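Undergrad: Below is a structure I'd like to ask you about.
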Amino acid sequence: QIKCPPGSYCVDGVRRSCNAGTYGADEGLVLPTCSGECTAGCACAAGSAVACPLACTDPQTFCPTGSSAPQLVSAGYFSNGTVDAVTGVTRRSEQLRCTPGHFCAG
């Protein structure tokens with residue numbers, strides 16, 4: 001027997017990748033949601049072992065909590081997020097409508 005590694009979960013003796021939009025930080029997980037949803041401002045592909053393997057930093061994209069990939073910002077909107085205290089990079093987690101009388105380019 002081998003304990004299920006991070007980024008995966010095991011059911012009935014079969015190893016499976018954590019679902020896209022989730023991550024598995026620990027060994028021996030048993031649910032497809034693994035350790036939980038990917039952090040807001042980040043994207044987690046299937047099998048991710050950390051909460052933020054890909055930060056959404058492009059101003060033309062955003063990643064709400066549980067994202068599997070960055071989403072494009074809609075016309076008339078801009079992306080917003082929080083600044084990472086360590087790196088100084090903005091992790092974009094939402095899109096907001098442009099203020100009346102203004103236009104947005106991403």
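Letters A, B, ... go to the chains of the structure tokens in the order shown; residues in each chain start at 1; ligands are counted from 1 in the same order.
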Can you write out as JSON lines which residues of stretch 36-105 of chain A fall within 12 Å of stretch 13-27 of chain A, alongside each residue's closest atom pair and its distance in Å to one decimal, counting only C-alpha atoms and ordering rows by chain and ascending residue number?
TA:
{"residue": "A:Gly36", "atom": "CA", "partner": "A:Thr22", "partner_atom": "CA", "distance": 5.5}
{"residue": "A:Glu37", "atom": "CA", "partner": "A:Thr22", "partner_atom": "CA", "distance": 4.3}
{"residue": "A:Cys38", "atom": "CA", "partner": "A:Thr22", "partner_atom": "CA", "distance": 4.9}
{"residue": "A:Thr39", "atom": "CA", "partner": "A:Thr22", "partner_atom": "CA", "distance": 8.7}
{"residue": "A:Ala40", "atom": "CA", "partner": "A:Gly21", "partner_atom": "CA", "distance": 10.3}
{"residue": "A:Gly41", "atom": "CA", "partner": "A:Gly21", "partner_atom": "CA", "distance": 11.6}
{"residue": "A:Cys42", "atom": "CA", "partner": "A:Gly21", "partner_atom": "CA", "distance": 9.1}
{"residue": "A:Ala43", "atom": "CA", "partner": "A:Gly21", "partner_atom": "CA", "distance": 6.5}
{"residue": "A:Cys44", "atom": "CA", "partner": "A:Gly21", "partner_atom": "CA", "distance": 4.9}
{"residue": "A:Ala45", "atom": "CA", "partner": "A:Ala20", "partner_atom": "CA", "distance": 4.7}
{"residue": "A:Ala46", "atom": "CA", "partner": "A:Ala20", "partner_atom": "CA", "distance": 3.9}
{"residue": "A:Gly47", "atom": "CA", "partner": "A:Ser17", "partner_atom": "CA", "distance": 4.5}
{"residue": "A:Ser48", "atom": "CA", "partner": "A:Tyr23", "partner_atom": "CA", "distance": 4.8}
{"residue": "A:Ala49", "atom": "CA", "partner": "A:Gly24", "partner_atom": "CA", "distance": 4.7}
{"residue": "A:Val50", "atom": "CA", "partner": "A:Ala25", "partner_atom": "CA", "distance": 5.7}
{"residue": "A:Ala51", "atom": "CA", "partner": "A:Tyr23", "partner_atom": "CA", "distance": 5.7}
{"residue": "A:Cys52", "atom": "CA", "partner": "A:Tyr23", "partner_atom": "CA", "distance": 8.5}
{"residue": "A:Pro53", "atom": "CA", "partner": "A:Tyr23", "partner_atom": "CA", "distance": 9.1}
{"residue": "A:Leu54", "atom": "CA", "partner": "A:Gly21", "partner_atom": "CA", "distance": 11.1}
{"residue": "A:Cys63", "atom": "CA", "partner": "A:Gly21", "partner_atom": "CA", "distance": 10.0}
{"residue": "A:Pro64", "atom": "CA", "partner": "A:Gly21", "partner_atom": "CA", "distance": 9.8}
{"residue": "A:Thr65", "atom": "CA", "partner": "A:Gly21", "partner_atom": "CA", "distance": 8.0}
{"residue": "A:Gly66", "atom": "CA", "partner": "A:Gly21", "partner_atom": "CA", "distance": 4.4}
{"residue": "A:Ser67", "atom": "CA", "partner": "A:Gly21", "partner_atom": "CA", "distance": 4.6}
{"residue": "A:Ser68", "atom": "CA", "partner": "A:Gly21", "partner_atom": "CA", "distance": 4.1}
{"residue": "A:Ala69", "atom": "CA", "partner": "A:Gly21", "partner_atom": "CA", "distance": 7.8}
{"residue": "A:Pro70", "atom": "CA", "partner": "A:Gly21", "partner_atom": "CA", "distance": 10.6}
Undergrad: Give me, as a PDB file with C-alpha atoms, in the first residue's frame, all polymer residues having an atom no more than 9 Å from A:Lys3, counting only C-alpha atoms and skipping those fewer than 2 positions away in the same chain.
TA:
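Now in around_25.pdb:
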ATOM      1  CA  GLN A   1       0.000   0.000   0.000  1.00  0.00           C
ATOM      2  CA  PRO A   5       0.382  11.827  -2.634  1.00  0.00           C
ATOM      3  CA  CYS A  10      -7.707   7.756  -3.356  1.00  0.00           C
ATOM      4  CA  GLU A  27      -1.214  12.975   1.654  1.00  0.00           C
ATOM      5  CA  GLY A  28      -4.009  10.441   2.050  1.00  0.00           C
ATOM      6  CA  LEU A  29      -6.964  12.537   0.848  1.00  0.00           C
TER       7      LEU A  29
END
Undergrad: Which residues, written as a PyMOL selection string, have at least one atom at most 6 Å from A:Glu94, with only C-alpha atoms counted and residues fewer than 5 positions away on the same chain left out?
TA: chain A and resi 62+64+79-80
Undergrad: Could those residues be written to a file, using N, CA and C atoms, as a compact mmCIF listing (two decimals), in the first residue's frame?
TA:
# COMPACT_ATOMS: atom_id res chain seq x y z
N PHE A 62 -9.25 37.28 -14.95
CA PHE A 62 -9.52 37.23 -13.51
C PHE A 62 -9.81 35.78 -13.14
N PRO A 64 -11.91 33.90 -10.04
CA PRO A 64 -12.64 33.80 -8.77
C PRO A 64 -12.19 32.56 -7.99
N SER A 79 -10.56 44.09 -14.52
CA SER A 79 -10.28 43.11 -13.46
C SER A 79 -9.73 43.82 -12.23
N ASN A 80 -10.07 43.27 -11.07
CA ASN A 80 -9.67 43.84 -9.79
C ASN A 80 -9.18 42.70 -8.90
Undergrad: So what do you get for atom CA of A:Thr57 versus atom CA of A:Ala105, distance-wise?
TA: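 So the answer is 15.1 Å.
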Undergrad: Give the strand (DSSP E or B) residues of stretch 54-101 of chain A, as assigned by DSSP on the backbone, as a PyMOL selection string.
TA: chain A and resi 54-55+61-62+67+71-72+77-83+90-97
